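J.: One structure, pasted below without further comment.
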Amino acid sequence: MQYRTLGRTGVQVSALALGAMNFGKIGRTTQDEVIAIVDAALEAGINLIDTADVYGGGESEEMVGKAIVGRREDIVLATKASLPMGDERNYQGGSRRWLVTALDDSLRRLGVDHVDLYQIHRWDPRTSDEETLSALTDLQRAGKIRYFGSSTFPAYRIVQAQWAAREHHLSRYVTEQPSYSILQRGIEAHVLPVTEEYGLGVLAWSPLASGWLSGAIREGREITSNRSAFMPQRFDTTVPANRARLDAVERLAKVSDEAGLTMIQLALGFVTAHPGVTGALIGPRTLDHLHSQLAAADTVLSADVLDAIDAIVAPGTDLAAHEKNDTPPALLDRSLRRR
């Protein structure tokens, strides 16, 4: 396992981190399976576990908490807040009112007195940076969180938050968690230059592009992944963007074969090769999934392989731009671009 420094924190984390979104009802993973996955991940050298309050409505946090009993101090524990946790309109967002409550709820579910990294799951356009950063700074000073970060923020919002922290003499975000894979490279054009400029650690989610780069999705095969069952529109190959992804996957499969790598090794090796990326978040549902992904722990891609990937998906290109989670609100809501 490779280890990198998380931004400028001095904390050493594994280049592959364990994402817990699939723990519980989302991935139909039982508590016993979660314990087995966590045990195997820690034994392999993974030392960062990332979850969120919204995963299974808190179920993932509860499962992680039970799986790490007795080993808390060996783990860099991360969770997230801000996405809706119920129908009540204020059970979401980046307000002080909600974050104080959300963190206490997460700590209770995890069975711990602090988390190492607390992340704002999505930028909340209704709440000022000063409000959110002030609340996070106070929670940090209270010892409930060690560091805090952002997740899937547009590049300009990362910059704005850094300036707000400086202007108001508050602690700052020290990490960003963006979506990044061979098929979704848009952050190379905007987000990664900004995170490198400000020294943020970067934990990339969906490095296997929701399963497109797992090796299971190929031309002529029926797509039967767990993700395709509840997001069928993202795997309908009659959709032009999905057709482009499948064409790229077929070309990438030839590159991986010639390099003597699995598609998973190619995909994870690509993400962790970028100098601006600290680690890749893997999200196994089963032990078999975990072991296939751990095989990439020491994968280092040659310059020739990286060049071949560039020739298939150009740097800074998103093959499915409509799936981006950091699109400015005015591009999604027409009322925000009309006087």
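Residues in the structure tokens are named by chain (A, B, ... in the order shown) and by number from 1 within that chain; ligands are numbered from 1 in the order shown.
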Would you kindly return, as JSON, numbers by chain, each protein, DNA or RNA residue with an atom no farther than 7 Å from any atom of Gly276 of chain A, considering only C-alpha atoms and excluding same-chain residues fewer than 4 positions away?

T.: {"A": [192, 196, 202]}

J.: Just write the chosen residues, all heavy atoms, as an mmCIF file, in the first residue's frame.

T.:
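See again-v2.cif below for the written result:
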```cif
data_model
loop_
_atom_site.group_PDB
_atom_site.id
_atom_site.type_symbol
_atom_site.label_atom_id
_atom_site.label_comp_id
_atom_site.auth_asym_id
_atom_site.auth_seq_id
_atom_site.Cartn_x
_atom_site.Cartn_y
_atom_site.Cartn_z
ATOM 1 N N LEU A 192 -8.590 20.555 -9.847
ATOM 2 C CA LEU A 192 -7.267 20.123 -9.390
ATOM 3 C C LEU A 192 -6.223 21.242 -9.411
ATOM 4 O O LEU A 192 -5.403 21.321 -8.483
ATOM 5 C CB LEU A 192 -6.793 18.907 -10.196
ATOM 6 C CG LEU A 192 -7.568 17.614 -9.908
ATOM 7 C CD1 LEU A 192 -7.027 16.457 -10.752
ATOM 8 C CD2 LEU A 192 -7.514 17.247 -8.431
ATOM 9 N N GLU A 196 -4.391 22.141 -5.836
ATOM 10 C CA GLU A 196 -2.927 22.141 -5.756
ATOM 11 C C GLU A 196 -2.417 23.511 -5.311
ATOM 12 O O GLU A 196 -1.480 23.601 -4.506
ATOM 13 C CB GLU A 196 -2.334 21.747 -7.110
ATOM 14 C CG GLU A 196 -2.510 20.269 -7.445
ATOM 15 C CD GLU A 196 -1.826 19.876 -8.741
ATOM 16 O OE1 GLU A 196 -2.412 20.116 -9.825
ATOM 17 O OE2 GLU A 196 -0.704 19.331 -8.681
ATOM 18 N N VAL A 202 -6.841 15.669 -1.756
ATOM 19 C CA VAL A 202 -7.931 15.312 -2.662
ATOM 20 C C VAL A 202 -8.224 13.825 -2.552
ATOM 21 O O VAL A 202 -7.348 12.982 -2.776
ATOM 22 C CB VAL A 202 -7.586 15.670 -4.126
ATOM 23 C CG1 VAL A 202 -8.635 15.111 -5.086
ATOM 24 C CG2 VAL A 202 -7.477 17.182 -4.288
#
```

J.: Counting only C-alpha atoms, which residues of segment 177-270 of chain A sit at most 10 Å from some atom of segment 290-298 of chain A, and what is each one's closest atom pair with its distance in Å to one decimal, listed by chain and rising residue number, as CSV?

T.:
```
residue,atom,partner,partner_atom,distance
A:Leu208,CA,A:Gln293,CA,9.7
A:Ser214,CA,A:Gln293,CA,9.0
A:Leu261,CA,A:Ala296,CA,9.0
A:Thr262,CA,A:Ala296,CA,8.7
A:Met263,CA,A:Ala296,CA,9.8
A:Ile264,CA,A:Gln293,CA,6.4
A:Gln265,CA,A:Ala296,CA,4.6
A:Leu266,CA,A:Ala296,CA,7.9
A:Ala267,CA,A:Ala296,CA,8.8
A:Leu268,CA,A:Ala296,CA,6.4
A:Gly269,CA,A:Ala296,CA,6.6
```

J.: So that I can check the surroundings of His274 of chain A, please list as a ChimeraX atom specification every protein, DNA and RNA residue that reaches within 12 Å of it, counting only C-alpha atoms and ignoring chain neighbours fewer than 3 positions away.

T.: /A:15,180-182,185,187-188,192-193,196,202-204,267-271,277-280,300-301,303,306,315

J.: When you count only C-alpha atoms, which of these residues is closest to Gly57 of chain A: A:Asp288, A:Asp105, A:Asp74, A:Glu131?

T.: A:Asp105

J.: Can you check which residues of segment 45-287 of chain A DSSP gives as strand (DSSP E) on the backbone and send them as number ranges by chain?

T.: A: 48-50, 76-81, 115-120, 145-151, 175-177, 201-204, 279-282

J.: Can you spit out the residues from that selection as a short mmCIF file (atom, residue, chain, number, x, y, z; two decimals), in the first residue's frame, using N, CA, C and O atoms?

T.:
```cif
data_model
loop_
_atom_site.label_atom_id
_atom_site.label_comp_id
_atom_site.auth_asym_id
_atom_site.auth_seq_id
_atom_site.Cartn_x
_atom_site.Cartn_y
_atom_site.Cartn_z
N LEU A 48 -7.94 4.87 5.97
CA LEU A 48 -8.95 5.93 5.93
C LEU A 48 -10.29 5.31 5.54
O LEU A 48 -10.38 4.62 4.51
N ILE A 49 -11.31 5.55 6.36
CA ILE A 49 -12.67 5.11 6.07
C ILE A 49 -13.55 6.34 5.94
O ILE A 49 -13.55 7.20 6.82
N ASP A 50 -14.30 6.40 4.84
CA ASP A 50 -15.13 7.57 4.55
C ASP A 50 -16.60 7.16 4.44
O ASP A 50 -16.94 6.26 3.68
N VAL A 76 -8.18 6.82 10.24
CA VAL A 76 -8.55 8.20 9.92
C VAL A 76 -10.01 8.12 9.49
O VAL A 76 -10.34 7.61 8.42
N LEU A 77 -10.89 8.60 10.35
CA LEU A 77 -12.33 8.43 10.16
C LEU A 77 -12.94 9.71 9.59
O LEU A 77 -12.78 10.80 10.15
N ALA A 78 -13.65 9.56 8.48
CA ALA A 78 -14.24 10.72 7.80
C ALA A 78 -15.73 10.50 7.59
O ALA A 78 -16.17 9.38 7.28
N THR A 79 -16.50 11.55 7.75
CA THR A 79 -17.91 11.51 7.39
C THR A 79 -18.31 12.84 6.79
O THR A 79 -17.49 13.76 6.69
N LYS A 80 -19.58 12.95 6.39
CA LYS A 80 -20.04 14.13 5.67
C LYS A 80 -21.44 14.52 6.11
O LYS A 80 -22.19 13.69 6.64
N ALA A 81 -21.80 15.77 5.84
CA ALA A 81 -23.14 16.28 6.14
C ALA A 81 -23.50 17.36 5.12
O ALA A 81 -22.62 17.87 4.42
N VAL A 115 -14.56 12.89 14.92
CA VAL A 115 -14.15 12.37 13.62
C VAL A 115 -12.91 13.13 13.17
O VAL A 115 -12.70 14.29 13.56
N ASP A 116 -12.09 12.49 12.37
CA ASP A 116 -10.85 13.13 11.92
C ASP A 116 -11.10 14.13 10.79
O ASP A 116 -10.42 15.14 10.71
N LEU A 117 -12.07 13.82 9.94
CA LEU A 117 -12.36 14.69 8.80
C LEU A 117 -13.87 14.80 8.63
O LEU A 117 -14.55 13.80 8.42
N TYR A 118 -14.38 16.03 8.73
CA TYR A 118 -15.81 16.30 8.57
C TYR A 118 -15.98 17.11 7.30
O TYR A 118 -15.39 18.19 7.15
N GLN A 119 -16.77 16.61 6.36
CA GLN A 119 -16.86 17.22 5.04
C GLN A 119 -18.27 17.73 4.72
O GLN A 119 -19.26 17.09 5.07
N ILE A 120 -18.33 18.88 4.08
CA ILE A 120 -19.60 19.41 3.59
C ILE A 120 -19.88 18.71 2.26
O ILE A 120 -19.15 18.89 1.28
N ILE A 145 -14.18 17.55 15.83
CA ILE A 145 -13.59 17.23 14.54
C ILE A 145 -12.14 17.70 14.55
O ILE A 145 -11.80 18.68 15.21
N ARG A 146 -11.29 16.98 13.84
CA ARG A 146 -9.88 17.37 13.77
C ARG A 146 -9.65 18.32 12.59
O ARG A 146 -8.91 19.29 12.70
N TYR A 147 -10.24 17.97 11.44
CA TYR A 147 -10.10 18.78 10.23
C TYR A 147 -11.45 18.80 9.53
O TYR A 147 -12.32 17.97 9.80
N PHE A 148 -11.61 19.74 8.59
CA PHE A 148 -12.83 19.70 7.78
C PHE A 148 -12.51 19.99 6.33
O PHE A 148 -11.48 20.59 6.00
N GLY A 149 -13.41 19.50 5.47
CA GLY A 149 -13.18 19.63 4.03
C GLY A 149 -14.49 19.80 3.28
O GLY A 149 -15.57 19.83 3.86
N SER A 150 -14.36 19.91 1.97
CA SER A 150 -15.51 20.06 1.08
C SER A 150 -15.63 18.82 0.20
O SER A 150 -14.69 18.04 0.09
N SER A 151 -16.77 18.68 -0.43
CA SER A 151 -16.98 17.56 -1.34
C SER A 151 -17.77 18.02 -2.56
O SER A 151 -18.84 18.59 -2.43
N THR A 175 -9.36 19.71 2.65
CA THR A 175 -9.51 18.65 1.65
C THR A 175 -10.68 18.96 0.73
O THR A 175 -11.56 19.74 1.06
N GLU A 176 -10.67 18.32 -0.43
CA GLU A 176 -11.80 18.34 -1.35
C GLU A 176 -12.01 16.90 -1.84
O GLU A 176 -11.05 16.15 -2.04
N GLN A 177 -13.28 16.53 -1.98
CA GLN A 177 -13.61 15.18 -2.43
C GLN A 177 -14.42 15.27 -3.73
O GLN A 177 -15.64 15.44 -3.70
N GLY A 201 -5.76 18.37 0.31
CA GLY A 201 -5.76 16.96 0.00
C GLY A 201 -6.96 16.65 -0.86
O GLY A 201 -8.01 17.27 -0.73
N VAL A 202 -6.84 15.67 -1.76
CA VAL A 202 -7.93 15.31 -2.66
C VAL A 202 -8.22 13.82 -2.55
O VAL A 202 -7.35 12.98 -2.78
N LEU A 203 -9.46 13.51 -2.18
CA LEU A 203 -9.93 12.13 -2.09
C LEU A 203 -10.97 11.92 -3.19
O LEU A 203 -12.07 12.46 -3.12
N ALA A 204 -10.61 11.19 -4.22
CA ALA A 204 -11.45 11.07 -5.41
C ALA A 204 -12.49 9.98 -5.24
O ALA A 204 -12.16 8.83 -4.93
N GLY A 279 -5.73 10.29 -2.69
CA GLY A 279 -6.17 8.91 -2.67
C GLY A 279 -7.47 8.72 -3.43
O GLY A 279 -8.18 9.67 -3.74
N ALA A 280 -7.75 7.45 -3.75
CA ALA A 280 -8.98 7.07 -4.44
C ALA A 280 -9.88 6.32 -3.48
O ALA A 280 -9.43 5.41 -2.78
N LEU A 281 -11.14 6.70 -3.44
CA LEU A 281 -12.12 6.03 -2.58
C LEU A 281 -12.73 4.85 -3.32
O LEU A 281 -13.37 5.01 -4.36
N ILE A 282 -12.52 3.66 -2.78
CA ILE A 282 -13.14 2.47 -3.35
C ILE A 282 -14.39 2.15 -2.52
O ILE A 282 -14.41 2.39 -1.32
#
```

J.: Provide the atom CA of Ser225 of chain A to atom CA of Pro84 of chain A distance in Å, to one decimal place.

T.: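 Answer for the atom CA of Ser225 of chain A to atom CA of Pro84 of chain A separation: 26.2 Å.
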
J.: In Å, with one decimal, what is the gap from atom CA of Ala308 of chain A to atom CA of Asn242 of chain A?

T.: 20.8 Å
